[in-house]
Each structure stands twice: as structure tokens, then as C-alpha cells.
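Student: Please find one structure pasted underneath; my questions will follow.
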Amino acid sequence: MGLVKEFREFALKGNVLDLAVGVIIGVAFGGIVTSVINDIIMPVVGKAIGNADFSNLYFPLSDKIAQSADGTWPALVDARKSGAVLAYGNFITIVINFLILAVCIFIVVKAFNTAKKRFEAQAPAPAPAGPTPEQKLLTEIRDLLARR
């Protein structure tokens with residue numbers, strides 16, 4: 001029975017709930033960032049470097065994969081059916097996605113820290129606390145001794 005009680009105390013702590021909310025928001029934010037990268041940024045990057053489609057970049061590792069008569073290579077899906085390929089285009093896409101995500105997260109954290117500093121700077125400093133009763137008594141004793 002002690003194990004169940006311990007688990008209930010652990011699960012009902014505020015930190016666990018905060019963590020769960022953070023994970024859910026993180027997953028939703030990840031979906032937004034993935035959409036921004038795949039649907040907005042990557043097409044612009046592909047257009048900027050000549051309509052390149054990174055996902056179809058590969059190096060054939062099998063002799064069964066050959067260029068067609070017009071000098072083009074088969075699509076990655078077809079090449080994988082024919083033999084082994086080194087699909088470096090997908091790796092490039094993932095690296096670019098990571099860099100864009102890292103920049104987005106950096107901007108969000110920087111904005112949060114800037115806002116936090118502004119709010120802390122605007123808050124008035126608390127008034128200094130008055131002397132404690134012991135300090136008042138010691139001050140009176142000092143003053144009495146000084147008068148002698």
C-alpha cells in the first residue's frame with residue numbers, strides 16, 4: 001500500500017503536471033515549426049539553389065542502379081527498390097531543419113529573457129527594512145554610552 005501512496009504523491013505534485021503541460025506544448029510547437037520549415041522555408045531554399053529537391057539526392061551503392069539514356073538518375077524510391085543507396089539528401093534536409101529549429105528556439109528564448117529583464121527592471125525595489133528591535137536597543141545603548 002505504501003508504493004501506491006508514494007506514486008500518488010509523486011504524480012500529483014505540481015512539477016509533474018507542469019512537465020506534462022510543457023511536453024504537450026512542445027509537441028504542438030514542434031508541429032508548427034515543422035510546418036514552417038517544410039512548407040515555407042525549404043521551398044524557398046530549394047528555389048534559391050535552383051529548384052533542388054534535397055530528398056531525392058543520393059549516391060548509388062549498387063550496380064543495378066543506372067542512369068537512363070537521357071542521363072538522369074531514377075527517383076530515390078525507385079533506386080531503393082533496385083539496390084542500396086546512400087541517401088544524403090534526407091540528411092541534408094534534417095540538418096537544415098535542425099538549424100532552423102535551433103534559430104527559432106534561440107529567438108524565442110532571447111525574447112523571453114529580454115522581456116523578463118524589462119519586467120524585473122520596472123518593478124520598484126523594495127524599501128529597505130527598518131532596524132530590528134535588537135538593533136534599536138543596541139543603538140540606544142550606544143547613545144547612552146556616548147553621553148557619559
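Letters A, B, ... go to the chains of the C-alpha cells in the order shown; residues in each chain start at 1; ligands are counted from 1 in the same order.
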So that I can check the secondary structure, give me every residue of range 76-108 of chain A assigned alpha helix (DSSP H) by backbone DSSP, as number ranges by chain.

Tutor: A: 76-82, 88-108

Student: Keeping only N, CA and C atoms, write the selected residues to a file as an mmCIF file, in the first residue's frame.

Tutor:
```
data_model
loop_
_atom_site.group_PDB
_atom_site.id
_atom_site.type_symbol
_atom_site.label_atom_id
_atom_site.label_comp_id
_atom_site.auth_asym_id
_atom_site.auth_seq_id
_atom_site.Cartn_x
_atom_site.Cartn_y
_atom_site.Cartn_z
ATOM 1 N N LEU A 76 14.612 8.457 -55.897
ATOM 2 C CA LEU A 76 15.153 7.740 -54.744
ATOM 3 C C LEU A 76 14.317 6.504 -54.409
ATOM 4 N N VAL A 77 13.019 6.616 -54.477
ATOM 5 C CA VAL A 77 12.144 5.478 -54.161
ATOM 6 C C VAL A 77 12.431 4.321 -55.110
ATOM 7 N N ASP A 78 12.553 4.606 -56.391
ATOM 8 C CA ASP A 78 12.840 3.557 -57.373
ATOM 9 C C ASP A 78 14.257 3.014 -57.211
ATOM 10 N N ALA A 79 15.207 3.896 -56.886
ATOM 11 C CA ALA A 79 16.588 3.455 -56.694
ATOM 12 C C ALA A 79 16.697 2.515 -55.500
ATOM 13 N N ARG A 80 15.967 2.795 -54.445
ATOM 14 C CA ARG A 80 15.995 1.925 -53.269
ATOM 15 C C ARG A 80 15.426 0.540 -53.589
ATOM 16 N N LYS A 81 14.477 0.482 -54.498
ATOM 17 C CA LYS A 81 13.932 -0.817 -54.897
ATOM 18 C C LYS A 81 14.959 -1.626 -55.683
ATOM 19 N N SER A 82 15.837 -0.910 -56.389
ATOM 20 C CA SER A 82 16.831 -1.598 -57.227
ATOM 21 C C SER A 82 18.062 -2.030 -56.450
ATOM 22 N N TYR A 88 21.978 10.901 -48.992
ATOM 23 C CA TYR A 88 22.497 12.041 -48.243
ATOM 24 C C TYR A 88 21.563 13.248 -48.319
ATOM 25 N N GLY A 89 20.654 13.286 -49.256
ATOM 26 C CA GLY A 89 19.722 14.402 -49.374
ATOM 27 C C GLY A 89 18.805 14.508 -48.169
ATOM 28 N N ASN A 90 18.333 13.384 -47.674
ATOM 29 C CA ASN A 90 17.491 13.394 -46.486
ATOM 30 C C ASN A 90 18.279 13.901 -45.285
ATOM 31 N N PHE A 91 19.539 13.516 -45.191
ATOM 32 C CA PHE A 91 20.389 14.003 -44.102
ATOM 33 C C PHE A 91 20.555 15.518 -44.184
ATOM 34 N N ILE A 92 20.782 16.037 -45.387
ATOM 35 C CA ILE A 92 20.916 17.493 -45.561
ATOM 36 C C ILE A 92 19.631 18.188 -45.116
ATOM 37 N N THR A 93 18.497 17.646 -45.497
ATOM 38 C CA THR A 93 17.206 18.230 -45.109
ATOM 39 C C THR A 93 17.051 18.244 -43.599
ATOM 40 N N ILE A 94 17.407 17.157 -42.940
ATOM 41 C CA ILE A 94 17.276 17.084 -41.482
ATOM 42 C C ILE A 94 18.227 18.064 -40.799
ATOM 43 N N VAL A 95 19.439 18.208 -41.307
ATOM 44 C CA VAL A 95 20.390 19.160 -40.729
ATOM 45 C C VAL A 95 19.873 20.593 -40.887
ATOM 46 N N ILE A 96 19.368 20.930 -42.069
ATOM 47 C CA ILE A 96 18.810 22.272 -42.282
ATOM 48 C C ILE A 96 17.609 22.501 -41.368
ATOM 49 N N ASN A 97 16.743 21.499 -41.238
ATOM 50 C CA ASN A 97 15.599 21.607 -40.327
ATOM 51 C C ASN A 97 16.056 21.859 -38.894
ATOM 52 N N PHE A 98 17.102 21.131 -38.463
ATOM 53 C CA PHE A 98 17.616 21.316 -37.115
ATOM 54 C C PHE A 98 18.164 22.731 -36.920
ATOM 55 N N LEU A 99 18.919 23.225 -37.881
ATOM 56 C CA LEU A 99 19.484 24.571 -37.759
ATOM 57 C C LEU A 99 18.389 25.629 -37.695
ATOM 58 N N ILE A 100 17.375 25.476 -38.513
ATOM 59 C CA ILE A 100 16.258 26.430 -38.492
ATOM 60 C C ILE A 100 15.528 26.345 -37.163
ATOM 61 N N LEU A 101 15.305 25.135 -36.675
ATOM 62 C CA LEU A 101 14.646 24.951 -35.381
ATOM 63 C C LEU A 101 15.481 25.567 -34.263
ATOM 64 N N ALA A 102 16.800 25.364 -34.300
ATOM 65 C CA ALA A 102 17.669 25.930 -33.268
ATOM 66 C C ALA A 102 17.607 27.454 -33.280
ATOM 67 N N VAL A 103 17.581 28.055 -34.459
ATOM 68 C CA VAL A 103 17.470 29.513 -34.552
ATOM 69 C C VAL A 103 16.124 29.976 -33.997
ATOM 70 N N CYS A 104 15.051 29.269 -34.329
ATOM 71 C CA CYS A 104 13.719 29.636 -33.810
ATOM 72 C C CYS A 104 13.682 29.559 -32.294
ATOM 73 N N ILE A 105 14.202 28.501 -31.733
ATOM 74 C CA ILE A 105 14.215 28.347 -30.281
ATOM 75 C C ILE A 105 15.080 29.426 -29.646
ATOM 76 N N PHE A 106 16.227 29.734 -30.259
ATOM 77 C CA PHE A 106 17.099 30.793 -29.740
ATOM 78 C C PHE A 106 16.368 32.130 -29.711
ATOM 79 N N ILE A 107 15.635 32.436 -30.775
ATOM 80 C CA ILE A 107 14.899 33.704 -30.835
ATOM 81 C C ILE A 107 13.822 33.754 -29.752
ATOM 82 N N VAL A 108 13.101 32.651 -29.556
ATOM 83 C CA VAL A 108 12.061 32.622 -28.527
ATOM 84 C C VAL A 108 12.670 32.794 -27.135
#
```

Student: If we count only C-alpha atoms, what is near Gly83 in chain A at a cut-off of 8 Å, once residues fewer than 2 positions away on the same chain are taken out, given as a PDB file with C-alpha atoms, in the first residue's frame?

Tutor:
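selection-v7.pdb, freshly written:
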```
ATOM      1  CA  PRO A  60      24.031   4.648 -55.704  1.00  0.00           C
ATOM      2  CA  LEU A  61      25.889   1.829 -53.962  1.00  0.00           C
ATOM      3  CA  SER A  62      24.599  -0.903 -56.228  1.00  0.00           C
ATOM      4  CA  ASP A  63      25.495  -1.619 -59.851  1.00  0.00           C
ATOM      5  CA  LYS A  64      21.812  -2.313 -60.528  1.00  0.00           C
ATOM      6  CA  ILE A  65      21.059   1.417 -60.279  1.00  0.00           C
ATOM      7  CA  ALA A  79      16.588   3.455 -56.694  1.00  0.00           C
ATOM      8  CA  ARG A  80      15.995   1.925 -53.269  1.00  0.00           C
ATOM      9  CA  LYS A  81      13.932  -0.817 -54.897  1.00  0.00           C
ATOM     10  CA  VAL A  85      21.768   3.835 -51.916  1.00  0.00           C
TER      11      VAL A  85
END
```

Student: For Pro43 in chain A, please output as a PyMOL selection string all residues within 12 Å (counting only C-alpha atoms; exclusion window: fewer than 4 positions along the same chain).

Tutor: chain A and resi 35-39+47-55+93

Student: Pick the closest to Tyr58 in chain A from A:Val27, A:Val109, A:Leu137, A:Leu86: which is it, counting only C-alpha atoms?

Tutor: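 Counting only C-alpha atoms, the residue closest to Tyr58 in chain A is A:Leu86.
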
Student: To one decimal place in Å, what is the distance between CA of Asn113 in chain A and CA of Pro126 in chain A?

Tutor: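 Straight-line distance from CA of Asn113 in chain A to CA of Pro126 in chain A works out to 22.2 Å.
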
Student: Run DSSP on the backbone of this structure and report the residues of chain A it assigns to strand (DSSP E or B), as an MDAnalysis selection string.

Tutor: chainID A and resid 59:60 85:86

Student: If I take CA of Ile40 in chain A and CA of Val21 in chain A, how far is one from the other in Å, to one decimal?

Tutor: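 Between CA of Ile40 in chain A and CA of Val21 in chain A the gap is 27.7 Å.
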
Student: Figure out the distance between CA of Ala84 in chain A and CA of Ala66 in chain A, please, to one decimal in Å.

Tutor: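 One can read the CA of Ala66 in chain A to CA of Ala84 in chain A distance as 12.1 Å.
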